[in-house]
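Everything below concerns the one structure shown next.
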Amino acid sequence: MSLFDAHFTSALHDRETAGTRRTLRPVTRDVQTILRDNRRMIDVSSNDYLGLADHPLLKERASDWALRFGTGARASRLVSGTLEIHQAVEQKMARFKGYEATLLFASGWQANASVVPALCALSTARTGHPMLVFSDRLNHASLHHGCAAAGVRQHRFRHNDLAHLETLLKREATEPGLRMIVTESVFSMDGDRADIPALRALADRYDAFLYVDEAHATGVLGAHGHGLSGGLADLTMGTCSKALGGMGAYIAGSRPLCDYLLNHASGFIYSTALPPAVLGAIDAALDIIPTMDRERQTLLGHAGHLRTVLNAAGLSTAESSTQIVPVLIGESQRALDVARALENEGFLTVAIRPPTVPQGTARLRLALHAGLTDSQITQLGEAVTRLASEQTL
């Protein structure tokens, strides 16, 4: 028994009462098959938007690089963990994203949580004043965590409200210190997009650095899946664990930026380097992604059709315009009930509840992938419409 077990139990009881307790529920995957509790389901919950996690080339190259280079990098990048394949993949990613350089991290969370403090420290070191951070209220938790770790106060603007952002930029225009605007390009819980060109214009007008999290756009949006921020953001963070079908993350930007982070981002400095198998999967994904325009068109077409069906039934999908389609339910327990009822009808989805989303906005997060058929999208729309509209499940 731990000294704190009684406190842990009490805190978990509070979550249970509020309908926000999280638990782990394993699934079994075999290529396109997913099983939970011995039931075969259609997956509309994961971030494998293009189905590359099961692609033969990714599996082949991951296996080949593990056999050739071993199962681990054995050290951090600054010790002896930098293999030639790390640098080759970084150069390939930089070309894909249209930047001078990239730096690989273990995960998107690790990247954001350590890069934001490193950038904030630059302002203090060079100007003697804290970084002025202007962030979208709905940014990912890792970005907010990075600001908290840096000890800076965020100037949060209303979600995608650039007029409000400009008001804040004007208000702080005479304050000392460097300025940074932080946003996602596609918001993971709402499926909507930031206006990156307009943000670039504001950044230029107020001498601000533009930091864009491209986790849910890379591979899916932009010309040949290159994303939305290339050539516009000063820094792009993206993950390899979603549309790229693997694991890891990257920071893309100028060479001085990446060299600075190599020296100052704790998540890079003090972590063991990505293993060869992971690098192989990333390398293969970068070969395939530009060739998948048809899959991207199918995926976004399915999402558009699903939103039309749900909206016609009076269900809100917020401002979604991407492969992520939220269905706003409201109350946490009700969202859980709808998600479980959908499982009974063969669709694996998840109820997103506070504190991940604001109180009163619990939702289903339908994350579509290119392997879904027209028939499955139709069935999903009909099931969600019926179950979300019923008063008693």
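The chains in the structure tokens are called A, B, ... from first to last as shown; in each chain the residues are counted from 1, and the ligands are counted from 1 in the order shown.
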
Test item, alpha helix (DSSP H) assignment across range 8-254 of chain A, answer as a PDB file with C-alpha atoms, in the first residue's frame:
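selection_36.pdb was written with the following content:
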ATOM      1  CA  PHE A   8      -5.546   8.451  -5.066  1.00  0.00           C
ATOM      2  CA  THR A   9      -8.753   6.514  -4.468  1.00  0.00           C
ATOM      3  CA  SER A  10     -10.620   9.631  -3.403  1.00  0.00           C
ATOM      4  CA  ALA A  11      -9.456  11.559  -6.469  1.00  0.00           C
ATOM      5  CA  LEU A  12     -10.523   8.683  -8.734  1.00  0.00           C
ATOM      6  CA  HIS A  13     -13.914   8.581  -7.028  1.00  0.00           C
ATOM      7  CA  ASP A  14     -14.344  12.278  -7.798  1.00  0.00           C
ATOM      8  CA  ARG A  15     -13.600  11.576 -11.454  1.00  0.00           C
ATOM      9  CA  GLU A  16     -16.017   8.644 -11.447  1.00  0.00           C
ATOM     10  CA  THR A  17     -18.764  10.821  -9.993  1.00  0.00           C
ATOM     11  CA  ALA A  18     -18.147  13.500 -12.606  1.00  0.00           C
ATOM     12  CA  PRO A  56       3.789  -3.281 -46.283  1.00  0.00           C
ATOM     13  CA  LEU A  57       6.577  -0.848 -47.204  1.00  0.00           C
ATOM     14  CA  LEU A  58       6.621   0.723 -43.719  1.00  0.00           C
ATOM     15  CA  LYS A  59       6.715  -2.689 -42.067  1.00  0.00           C
ATOM     16  CA  GLU A  60       9.399  -3.921 -44.451  1.00  0.00           C
ATOM     17  CA  ARG A  61      11.676  -0.916 -43.984  1.00  0.00           C
ATOM     18  CA  ALA A  62      11.160  -0.853 -40.215  1.00  0.00           C
ATOM     19  CA  SER A  63      12.133  -4.522 -40.061  1.00  0.00           C
ATOM     20  CA  ASP A  64      15.075  -4.070 -42.408  1.00  0.00           C
ATOM     21  CA  TRP A  65      16.516  -1.111 -40.495  1.00  0.00           C
ATOM     22  CA  ALA A  66      16.103  -2.969 -37.175  1.00  0.00           C
ATOM     23  CA  LEU A  67      17.997  -5.947 -38.599  1.00  0.00           C
ATOM     24  CA  ARG A  68      20.732  -3.733 -40.039  1.00  0.00           C
ATOM     25  CA  PHE A  69      21.142  -1.181 -37.241  1.00  0.00           C
ATOM     26  CA  GLU A  84      23.654   8.447 -40.085  1.00  0.00           C
ATOM     27  CA  ILE A  85      20.042   7.376 -40.627  1.00  0.00           C
ATOM     28  CA  HIS A  86      18.831  10.002 -38.128  1.00  0.00           C
ATOM     29  CA  GLN A  87      20.389  12.733 -40.210  1.00  0.00           C
ATOM     30  CA  ALA A  88      19.203  11.191 -43.481  1.00  0.00           C
ATOM     31  CA  VAL A  89      15.599  11.098 -42.255  1.00  0.00           C
ATOM     32  CA  GLU A  90      15.855  14.671 -40.925  1.00  0.00           C
ATOM     33  CA  GLN A  91      17.095  15.879 -44.310  1.00  0.00           C
ATOM     34  CA  LYS A  92      14.297  13.991 -46.073  1.00  0.00           C
ATOM     35  CA  MET A  93      11.696  15.467 -43.706  1.00  0.00           C
ATOM     36  CA  ALA A  94      13.064  18.976 -44.279  1.00  0.00           C
ATOM     37  CA  ARG A  95      12.648  18.563 -48.026  1.00  0.00           C
ATOM     38  CA  PHE A  96       9.134  17.200 -47.555  1.00  0.00           C
ATOM     39  CA  LYS A  97       8.070  20.118 -45.345  1.00  0.00           C
ATOM     40  CA  GLY A 108       4.813  15.497 -30.275  1.00  0.00           C
ATOM     41  CA  TRP A 109       4.172  16.021 -26.576  1.00  0.00           C
ATOM     42  CA  GLN A 110       7.883  15.884 -25.820  1.00  0.00           C
ATOM     43  CA  ALA A 111       8.651  18.295 -28.639  1.00  0.00           C
ATOM     44  CA  ASN A 112       6.098  20.947 -27.660  1.00  0.00           C
ATOM     45  CA  ALA A 113       6.700  20.609 -23.931  1.00  0.00           C
ATOM     46  CA  SER A 114      10.451  21.157 -24.300  1.00  0.00           C
ATOM     47  CA  VAL A 115      10.709  23.431 -27.347  1.00  0.00           C
ATOM     48  CA  VAL A 116       8.339  26.107 -26.008  1.00  0.00           C
ATOM     49  CA  PRO A 117      10.412  26.607 -22.824  1.00  0.00           C
ATOM     50  CA  ALA A 118      13.611  26.672 -24.896  1.00  0.00           C
ATOM     51  CA  LEU A 119      12.202  29.446 -27.074  1.00  0.00           C
ATOM     52  CA  CYS A 120      10.890  31.352 -24.074  1.00  0.00           C
ATOM     53  CA  ALA A 121      14.347  31.190 -22.492  1.00  0.00           C
ATOM     54  CA  LEU A 122      15.730  32.916 -25.594  1.00  0.00           C
ATOM     55  CA  SER A 123      13.720  36.047 -24.841  1.00  0.00           C
ATOM     56  CA  THR A 124      14.941  36.231 -21.273  1.00  0.00           C
ATOM     57  CA  ALA A 125      18.541  35.609 -22.286  1.00  0.00           C
ATOM     58  CA  ARG A 126      18.636  38.061 -25.181  1.00  0.00           C
ATOM     59  CA  THR A 127      16.336  40.853 -23.968  1.00  0.00           C
ATOM     60  CA  ALA A 141      -2.249  20.443 -23.735  1.00  0.00           C
ATOM     61  CA  SER A 142       1.447  19.971 -24.544  1.00  0.00           C
ATOM     62  CA  LEU A 143       1.687  23.577 -25.761  1.00  0.00           C
ATOM     63  CA  HIS A 144       0.025  24.909 -22.616  1.00  0.00           C
ATOM     64  CA  HIS A 145       2.309  22.659 -20.564  1.00  0.00           C
ATOM     65  CA  GLY A 146       5.337  24.115 -22.348  1.00  0.00           C
ATOM     66  CA  CYS A 147       4.283  27.624 -21.377  1.00  0.00           C
ATOM     67  CA  ALA A 148       3.701  26.534 -17.781  1.00  0.00           C
ATOM     68  CA  ALA A 149       7.127  24.887 -17.678  1.00  0.00           C
ATOM     69  CA  ALA A 150       8.649  28.115 -18.974  1.00  0.00           C
ATOM     70  CA  LEU A 162      -7.757  36.720 -35.187  1.00  0.00           C
ATOM     71  CA  ALA A 163      -9.419  40.036 -34.369  1.00  0.00           C
ATOM     72  CA  HIS A 164      -9.077  39.143 -30.684  1.00  0.00           C
ATOM     73  CA  LEU A 165      -5.466  38.094 -31.278  1.00  0.00           C
ATOM     74  CA  GLU A 166      -4.691  41.455 -32.881  1.00  0.00           C
ATOM     75  CA  THR A 167      -6.311  43.253 -29.963  1.00  0.00           C
ATOM     76  CA  LEU A 168      -3.962  41.420 -27.607  1.00  0.00           C
ATOM     77  CA  LEU A 169      -0.948  42.088 -29.830  1.00  0.00           C
ATOM     78  CA  LYS A 170      -1.791  45.802 -29.915  1.00  0.00           C
ATOM     79  CA  ARG A 171      -2.320  45.898 -26.149  1.00  0.00           C
ATOM     80  CA  ILE A 196      -2.151  30.281 -41.362  1.00  0.00           C
ATOM     81  CA  PRO A 197      -1.653  33.015 -44.024  1.00  0.00           C
ATOM     82  CA  ALA A 198      -3.573  35.511 -41.866  1.00  0.00           C
ATOM     83  CA  LEU A 199      -1.557  34.497 -38.812  1.00  0.00           C
ATOM     84  CA  ARG A 200       1.631  35.004 -40.814  1.00  0.00           C
ATOM     85  CA  ALA A 201       0.467  38.501 -41.723  1.00  0.00           C
ATOM     86  CA  LEU A 202      -0.205  39.337 -38.061  1.00  0.00           C
ATOM     87  CA  ALA A 203       3.135  37.899 -37.033  1.00  0.00           C
ATOM     88  CA  ASP A 204       4.892  40.103 -39.568  1.00  0.00           C
ATOM     89  CA  ARG A 205       2.924  43.173 -38.504  1.00  0.00           C
TER      90      ARG A 205
END

query: Among range 191-380 of chain A, which ones does DSSP place in strand (DSSP E or B), written as JSON, numbers by chain?
result: {"A": [193, 208, 209, 210, 211, 212, 213, 235, 236, 237, 238, 239, 249, 250, 251, 252, 253, 272, 324, 325, 326, 327, 328, 329, 330, 347, 348, 351, 352, 362, 363, 364, 365, 366, 367]}

- request: Would you list the contacts of Asp293 in chain A as a ChimeraX atom specification, taking every protein, DNA or RNA residue within 12 Å and counting only C-alpha atoms, but skipping same-chain residues closer than 4 positions in sequence?
  value: /A:50,219-226,288-289,297-300,370

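When only C-alpha atoms are used to compute distances to Thr373 in chain A, the closest of the residues A:His302, A:Gly330, A:Pro358, A:Pro26 turns out to be A:His302.
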
With only C-alpha atoms counted and 12 Å as the cut-off, give the residues of range 133-209 of chain A in contact with range 350-355 of chain A, each with its shortest interatomic distance in Å and the pair that gives it, as JSON lines.
{"residue": "A:Leu138", "atom": "CA", "partner": "A:Pro355", "partner_atom": "CA", "distance": 11.8}
{"residue": "A:His140", "atom": "CA", "partner": "A:Pro355", "partner_atom": "CA", "distance": 12.0}
{"residue": "A:Ala141", "atom": "CA", "partner": "A:Pro355", "partner_atom": "CA", "distance": 10.2}
{"residue": "A:Ser188", "atom": "CA", "partner": "A:Ile352", "partner_atom": "CA", "distance": 11.0}
{"residue": "A:Met189", "atom": "CA", "partner": "A:Ile352", "partner_atom": "CA", "distance": 8.1}
{"residue": "A:Asp190", "atom": "CA", "partner": "A:Ile352", "partner_atom": "CA", "distance": 10.8}

task: Just the residues within 10 Å of Leu262 in chain A, please, counting only C-alpha atoms, with nothing from its chain fewer than 2 positions along; format it as a PyMOL selection string.
output: chain A and resi 77-78+103-104+115+118+256-260+264-269

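Nearest residue to Gly230 in chain A among A:Glu100, A:Glu295, A:Asp207, A:Glu343 is A:Glu100, counting only C-alpha atoms.
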
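Take the candidates A:Ala388, A:Val27, A:Leu315, A:His55 and check each one against Asp43 in chain A using only C-alpha atoms; the shortest distance goes to A:Val27.
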
- prompt: Out of A:Ile181, A:Ala252, A:Leu83, A:Cys240, which residue has the shortest atom-to-atom distance to Tyr99 in chain A when counting only C-alpha atoms?
  reply: A:Ala252

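From CA of Phe347 in chain A back to CA of His305 in chain A, the distance works out to 17.4 Å.
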
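Proximity to Tyr211 in chain A was assessed for A:Asp234, A:Asp5, A:Asp287, A:Glu345 counting only C-alpha atoms; the smallest distance is recorded for A:Asp234.
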
- line: For Val212 in chain A, the closest of A:Thr183, A:Ser76, A:Thr102, A:Gln359 counting only C-alpha atoms is A:Thr183

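Coordinates place CA of Leu387 in chain A at a distance of 9.1 Å from CA of Asp337 in chain A.
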
query: So what do you get for CA of Arg363 in chain A versus CA of Pro326 in chain A, distance-wise?
result: 6.3 Å

query: Within 10 Å of range 319-324 of chain A, counting only C-alpha atoms, which residues qualify if same-chain residues fewer than 5 places away don't, as a PyMOL selection string?
result: chain A and resi 44-45+47+49+186-193+216-217+220-221+296+299-304+306-307+365-370

field: Residues near Thr71 in chain A, cut-off 8 Å, only C-alpha atoms, skip fewer than 5 positions along chain, as a list in words
entry: Ala66, Pro275, Pro276 and Ala277 of chain A

- request: Considering only C-alpha atoms, return as a ChimeraX atom specification whatever protein or nucleic-acid residues lie within 12 Å of Arg29 in chain A, sequence-local ones (same chain, fewer than 3 positions apart) excluded.
  value: /A:26,32-36,38-43,46,53-54
